[in-house]
Amino acid sequence: MSGVLNKIWTALRGGVREMGDAIVDSNGIRIFEQEIIDAKDSIQQAKTNLTEVMARKMQAERKVSKLVEEIRNHEGYVGKALDNNDEALALEVAGKIATMEAEKGEQDAIVRRLTGQVEQLKAHIRKAEKLIADHERELSIVRTTESVQKATEQVVENVAANNSTLNTARQSLERIKAHQEMRQDQLEAGELLDKELSGGDLDSKLEEAGIKGETATATDILARIKASKQ
Amino acid sequence: MTQIQELTIQLGQVNYEGHTFNCLPILGQQEVLQVIVSELDAMPIFVTITDTQILCITYLCKQAEVQPDRTAELNKNMLELNVAMPLSSFAIVEDYYVVFGAMATSSSFDDVCKELITLASNAYDALEAIEEYLV
C-alpha cells in the first residue's frame, strides 16, 4: 500500500485543494509513474532474456537426449563386439561411451543451470507485474481523489451558473415531501373517485347513519320471537 | 467519443424500470454528467468516469447544514448504515456529505441504470434519515 491513503488523508486535513499536486509534492505520483515505467521496461528485458535462455535450454536438452540415444546404441555395439569375442573393439567402443557420458554430464549441468535461470526470470517478471498492479491501484486512488475534487468544484460552479441549484438538504426534503404529498393526494382522489363511481360511497354513508346494512343480532331475533308469542 | 458521451446518448433514450434519465453535461476540465432520474428528481446525480471507475455522486448537504454538536453522531450513524445501503456509500467530498456509487468502467449499461436509480432512491432515504441532524 505504501501509505498512499495516509498521504491523501494528511493532505486533506491540511486543506489541500489540488490533490495531484499535493501527492506530487510529497514525492508520490512521479515516483509511482517512474517505477511503473521502470518495471514495465524490466519486464520487457526479462521476457527477451527468458526466450533466449529457454531456447538455449531446449538446445542443451536436445543434445542430452541425442547423447542418451547414442550411448544406448554404442552399448549395443559393445555387446555385439563381445558376442564376436572382439575384446579390443569392445574396449574401443566403451572408450567412446565414456567420452559421450562425460559430455552428457556437462550438458546436464547446463540444463540445470538454465532451468534455474528460467525460474529466476519468471519470478522477476511476476514481482514486477505485482509492483505495477500495486502502483497502478495507488495511482488510481490519487487520480480518483483528484477527479472527484475537480468534479465537485465544477458542479458547484456550473450549477450556480446554470440556475439549477445544488439544493440544501432542507430544500431537497421539502421537494421530496411536496412530491410525496402530491402523490398521496392523487391516490386519495383516485380512491374517492372509485368509491363515488361504484356507489360505495352512498352505501358507507347509509351504514354510518344506521339506515342500511345493520344485521340483526341473536338477541334481537329472540326478542322479536318472544314478542310475537305474547 | 468518450464513455460519458456514449452514456449520455444511451441514457437519453432508455426507459429503465419505469424511469427515464434527464442528462445535462457539466462543462469543465473534468468530464461530469448531471443525471436526473424521473420520479426521483430532487436528488440529481453527477457522473464522472476515471481510468478505473464510473463514479456516481449525489450531494446530500453541506457539512455546515449539520448541527455542529451532532456531527460525530451523524458520522458514526452513516458509517453504521454504509454496508446495508444497497450499491451506495456515504462519504465526504470537500464541504459536502455525499452518497455515491463506484462501478468498474467495464460495467454494462444496465448496471449503470440500476446504479443510478438505486442511488437516487438511497439519497431520498438518506435525506430523511439525516433530517433530525440538520440545523
# chains A, B, ... in the order shown; residues from 1 in each chain; ligands from 1

call {"tool": "residues_around", "arguments": {"residues": "range 5-9 of chain B", "least_positions_apart": "3", "cutoff": "8 Å", "atoms": "only C-alpha atoms", "output": "PDB file with C-alpha atoms, in the first residue's frame"}}
result
ATOM      1  CA  MET B   1     -16.491   9.572 -28.399  1.00  0.00           C
ATOM      2  CA  THR B   2     -15.818   9.416 -24.669  1.00  0.00           C
ATOM      3  CA  GLY B  12     -31.413   9.821 -23.095  1.00  0.00           C
ATOM      4  CA  GLN B  13     -33.168   7.028 -24.972  1.00  0.00           C
ATOM      5  CA  CYS B  23     -28.872  14.318 -18.771  1.00  0.00           C
ATOM      6  CA  LEU B  33     -22.638  14.474 -16.405  1.00  0.00           C
ATOM      7  CA  PHE B 109     -25.260  -0.062 -19.407  1.00  0.00           C
TER       8      PHE B 109
END

call {"tool": "interface_residues", "arguments": {"of": "chain A", "to": "chain B", "cutoff": "6 Å", "atoms": "only C-alpha atoms", "output": "NGL selection string"}}
result
:A and (151 or 168-169 or 172)

call {"tool": "select_by_dssp", "arguments": {"residues": "chain B", "states": "helix (DSSP H, G or I)", "output": "VMD selection string"}}
result
chain B and resid 3 to 13 63 to 65 68 to 82 109 to 133

call {"tool": "write_last_selection", "arguments": {"atoms": "C-alpha atoms", "output": "PDB file, in the first residue's frame"}}
result
ATOM      1  CA  GLN B   3     -17.539   6.917 -22.415  1.00  0.00           C
ATOM      2  CA  ILE B   4     -19.535   9.738 -20.805  1.00  0.00           C
ATOM      3  CA  GLN B   5     -20.761  10.973 -24.185  1.00  0.00           C
ATOM      4  CA  GLU B   6     -21.840   7.455 -25.092  1.00  0.00           C
ATOM      5  CA  LEU B   7     -23.587   7.117 -21.755  1.00  0.00           C
ATOM      6  CA  THR B   8     -25.386  10.439 -22.277  1.00  0.00           C
ATOM      7  CA  ILE B   9     -26.828   9.263 -25.579  1.00  0.00           C
ATOM      8  CA  GLN B  10     -27.874   5.871 -24.211  1.00  0.00           C
ATOM      9  CA  LEU B  11     -29.437   7.316 -21.047  1.00  0.00           C
ATOM     10  CA  GLY B  12     -31.413   9.821 -23.095  1.00  0.00           C
ATOM     11  CA  GLN B  13     -33.168   7.028 -24.972  1.00  0.00           C
ATOM     12  CA  GLN B  63     -21.290  19.950   6.349  1.00  0.00           C
ATOM     13  CA  ALA B  64     -22.343  23.357   7.671  1.00  0.00           C
ATOM     14  CA  GLU B  65     -26.006  22.321   7.443  1.00  0.00           C
ATOM     15  CA  PRO B  68     -22.304  21.176  14.927  1.00  0.00           C
ATOM     16  CA  ASP B  69     -22.642  19.309  18.231  1.00  0.00           C
ATOM     17  CA  ARG B  70     -24.181  16.277  16.493  1.00  0.00           C
ATOM     18  CA  THR B  71     -21.672  15.848  13.664  1.00  0.00           C
ATOM     19  CA  ALA B  72     -19.811  12.988  15.349  1.00  0.00           C
ATOM     20  CA  GLU B  73     -23.068  11.144  15.997  1.00  0.00           C
ATOM     21  CA  LEU B  74     -24.185  11.607  12.389  1.00  0.00           C
ATOM     22  CA  ASN B  75     -20.823  10.431  11.050  1.00  0.00           C
ATOM     23  CA  LYS B  76     -20.993   7.299  13.159  1.00  0.00           C
ATOM     24  CA  ASN B  77     -24.552   6.585  12.063  1.00  0.00           C
ATOM     25  CA  MET B  78     -23.537   6.939   8.439  1.00  0.00           C
ATOM     26  CA  LEU B  79     -20.649   4.506   8.897  1.00  0.00           C
ATOM     27  CA  GLU B  80     -23.008   2.043  10.535  1.00  0.00           C
ATOM     28  CA  LEU B  81     -25.555   2.332   7.721  1.00  0.00           C
ATOM     29  CA  ASN B  82     -22.964   2.137   4.953  1.00  0.00           C
ATOM     30  CA  PHE B 109     -25.260  -0.062 -19.407  1.00  0.00           C
ATOM     31  CA  ASP B 110     -27.967  -1.944 -17.485  1.00  0.00           C
ATOM     32  CA  ASP B 111     -25.749  -1.926 -14.394  1.00  0.00           C
ATOM     33  CA  VAL B 112     -25.299   1.833 -14.714  1.00  0.00           C
ATOM     34  CA  CYS B 113     -29.085   2.367 -14.982  1.00  0.00           C
ATOM     35  CA  LYS B 114     -29.676   0.194 -11.934  1.00  0.00           C
ATOM     36  CA  GLU B 115     -26.974   2.061 -10.039  1.00  0.00           C
ATOM     37  CA  LEU B 116     -28.446   5.477 -10.886  1.00  0.00           C
ATOM     38  CA  ILE B 117     -31.972   4.562  -9.784  1.00  0.00           C
ATOM     39  CA  THR B 118     -30.774   2.837  -6.623  1.00  0.00           C
ATOM     40  CA  LEU B 119     -28.512   5.763  -5.803  1.00  0.00           C
ATOM     41  CA  ALA B 120     -31.283   8.336  -6.213  1.00  0.00           C
ATOM     42  CA  SER B 121     -33.605   6.237  -4.027  1.00  0.00           C
ATOM     43  CA  ASN B 122     -30.874   5.829  -1.431  1.00  0.00           C
ATOM     44  CA  ALA B 123     -30.283   9.583  -1.447  1.00  0.00           C
ATOM     45  CA  TYR B 124     -34.003  10.150  -0.736  1.00  0.00           C
ATOM     46  CA  ASP B 125     -33.856   7.724   2.191  1.00  0.00           C
ATOM     47  CA  ALA B 126     -30.595   9.198   3.417  1.00  0.00           C
ATOM     48  CA  LEU B 127     -32.011  12.728   3.409  1.00  0.00           C
ATOM     49  CA  GLU B 128     -34.948  11.623   5.514  1.00  0.00           C
ATOM     50  CA  ALA B 129     -32.579   9.801   7.864  1.00  0.00           C
ATOM     51  CA  ILE B 130     -30.348  12.845   8.408  1.00  0.00           C
ATOM     52  CA  GLU B 131     -33.226  15.329   8.723  1.00  0.00           C
ATOM     53  CA  GLU B 132     -33.108  15.386  12.516  1.00  0.00           C
ATOM     54  CA  TYR B 133     -29.420  16.326  12.407  1.00  0.00           C
TER      55      TYR B 133
END

call {"tool": "atom_distance", "arguments": {"atom1": "CA of Glu153 in chain A", "atom2": "CA of Tyr97 in chain B"}}
result
14.0 Å

call {"tool": "residues_around", "arguments": {"residues": "range 120-125 of chain A", "least_positions_apart": "4", "cutoff": "8 Å", "atoms": "only C-alpha atoms", "output": "PyMOL selection string"}}
result
chain A and resi 42-43+46-47+49-50+116+129

call {"tool": "select_by_dssp", "arguments": {"residues": "chain B", "states": "strand (DSSP E or B)", "output": "number ranges by chain"}}
result
B: 16, 19, 21-26, 32-37, 45-49, 53-62, 66, 89-93, 96-104, 134

call {"tool": "write_last_selection", "arguments": {"atoms": "C-alpha atoms", "output": "PDB file, in the first residue's frame"}}
result
ATOM      1  CA  TYR B  16     -35.468   1.568 -17.282  1.00  0.00           C
ATOM      2  CA  HIS B  19     -37.702   5.636 -15.036  1.00  0.00           C
ATOM      3  CA  PHE B  21     -32.991   9.930 -17.305  1.00  0.00           C
ATOM      4  CA  ASN B  22     -32.544  13.614 -17.966  1.00  0.00           C
ATOM      5  CA  CYS B  23     -28.872  14.318 -18.771  1.00  0.00           C
ATOM      6  CA  LEU B  24     -27.010  17.594 -18.693  1.00  0.00           C
ATOM      7  CA  PRO B  25     -23.231  17.711 -19.298  1.00  0.00           C
ATOM      8  CA  ILE B  26     -21.378  19.972 -16.873  1.00  0.00           C
ATOM      9  CA  VAL B  32     -19.068  15.416 -15.498  1.00  0.00           C
ATOM     10  CA  LEU B  33     -22.638  14.474 -16.405  1.00  0.00           C
ATOM     11  CA  GLN B  34     -25.635  15.560 -14.358  1.00  0.00           C
ATOM     12  CA  VAL B  35     -28.342  12.888 -14.437  1.00  0.00           C
ATOM     13  CA  ILE B  36     -31.845  13.427 -13.088  1.00  0.00           C
ATOM     14  CA  VAL B  37     -33.883  10.256 -12.612  1.00  0.00           C
ATOM     15  CA  ILE B  45     -26.653  12.556  -9.688  1.00  0.00           C
ATOM     16  CA  PHE B  46     -23.269  13.619 -11.008  1.00  0.00           C
ATOM     17  CA  VAL B  47     -21.363  11.015 -13.008  1.00  0.00           C
ATOM     18  CA  THR B  48     -17.598  11.113 -13.530  1.00  0.00           C
ATOM     19  CA  ILE B  49     -15.563   8.446 -15.298  1.00  0.00           C
ATOM     20  CA  GLN B  53     -14.168   3.706 -12.212  1.00  0.00           C
ATOM     21  CA  ILE B  54     -17.559   5.126 -13.044  1.00  0.00           C
ATOM     22  CA  LEU B  55     -18.356   7.352 -10.074  1.00  0.00           C
ATOM     23  CA  CYS B  56     -21.940   8.419  -9.421  1.00  0.00           C
ATOM     24  CA  ILE B  57     -22.328  11.058  -6.716  1.00  0.00           C
ATOM     25  CA  THR B  58     -25.290  12.844  -5.119  1.00  0.00           C
ATOM     26  CA  TYR B  59     -24.648  15.796  -2.847  1.00  0.00           C
ATOM     27  CA  LEU B  60     -26.758  15.392   0.295  1.00  0.00           C
ATOM     28  CA  CYS B  61     -25.910  18.598   2.128  1.00  0.00           C
ATOM     29  CA  LYS B  62     -23.090  20.882   3.170  1.00  0.00           C
ATOM     30  CA  VAL B  66     -25.495  19.759  10.209  1.00  0.00           C
ATOM     31  CA  SER B  89     -21.978   4.515   0.346  1.00  0.00           C
ATOM     32  CA  PHE B  90     -21.786   7.703   2.366  1.00  0.00           C
ATOM     33  CA  ALA B  91     -18.760   9.935   2.024  1.00  0.00           C
ATOM     34  CA  ILE B  92     -17.498  13.468   2.460  1.00  0.00           C
ATOM     35  CA  VAL B  93     -16.151  15.393  -0.551  1.00  0.00           C
ATOM     36  CA  TYR B  96     -20.313  18.125   1.205  1.00  0.00           C
ATOM     37  CA  TYR B  97     -21.809  14.962   2.593  1.00  0.00           C
ATOM     38  CA  VAL B  98     -22.421  12.725  -0.398  1.00  0.00           C
ATOM     39  CA  VAL B  99     -23.906   9.368  -1.266  1.00  0.00           C
ATOM     40  CA  PHE B 100     -22.027   7.684  -4.087  1.00  0.00           C
ATOM     41  CA  GLY B 101     -21.731   4.504  -6.069  1.00  0.00           C
ATOM     42  CA  ALA B 102     -18.481   3.346  -7.682  1.00  0.00           C
ATOM     43  CA  MET B 103     -18.505   0.896 -10.557  1.00  0.00           C
ATOM     44  CA  ALA B 104     -15.864  -0.686 -12.774  1.00  0.00           C
ATOM     45  CA  LEU B 134     -29.922  19.400  10.257  1.00  0.00           C
TER      46      LEU B 134
END

call {"tool": "decode", "arguments": {"residues": "range 21-48 of chain B", "atoms": "C-alpha atoms", "output": "compact mmCIF listing (two decimals), in the first residue's frame"}}
result
# COMPACT_ATOMS: atom_id res chain seq x y z
CA PHE B 21 -32.99 9.93 -17.30
CA ASN B 22 -32.54 13.61 -17.97
CA CYS B 23 -28.87 14.32 -18.77
CA LEU B 24 -27.01 17.59 -18.69
CA PRO B 25 -23.23 17.71 -19.30
CA ILE B 26 -21.38 19.97 -16.87
CA LEU B 27 -18.62 21.86 -18.63
CA GLY B 28 -15.08 21.97 -17.32
CA GLN B 29 -11.71 20.29 -17.20
CA GLN B 30 -13.18 17.13 -15.71
CA GLU B 31 -15.95 15.44 -17.68
CA VAL B 32 -19.07 15.42 -15.50
CA LEU B 33 -22.64 14.47 -16.40
CA GLN B 34 -25.64 15.56 -14.36
CA VAL B 35 -28.34 12.89 -14.44
CA ILE B 36 -31.84 13.43 -13.09
CA VAL B 37 -33.88 10.26 -12.61
CA SER B 38 -37.60 10.72 -13.27
CA GLU B 39 -39.79 10.39 -10.13
CA LEU B 40 -36.60 10.92 -8.08
CA ASP B 41 -35.79 14.37 -9.40
CA ALA B 42 -35.00 16.09 -6.09
CA MET B 43 -31.57 14.48 -5.99
CA PRO B 44 -29.52 14.98 -9.17
CA ILE B 45 -26.65 12.56 -9.69
CA PHE B 46 -23.27 13.62 -11.01
CA VAL B 47 -21.36 11.01 -13.01
CA THR B 48 -17.60 11.11 -13.53
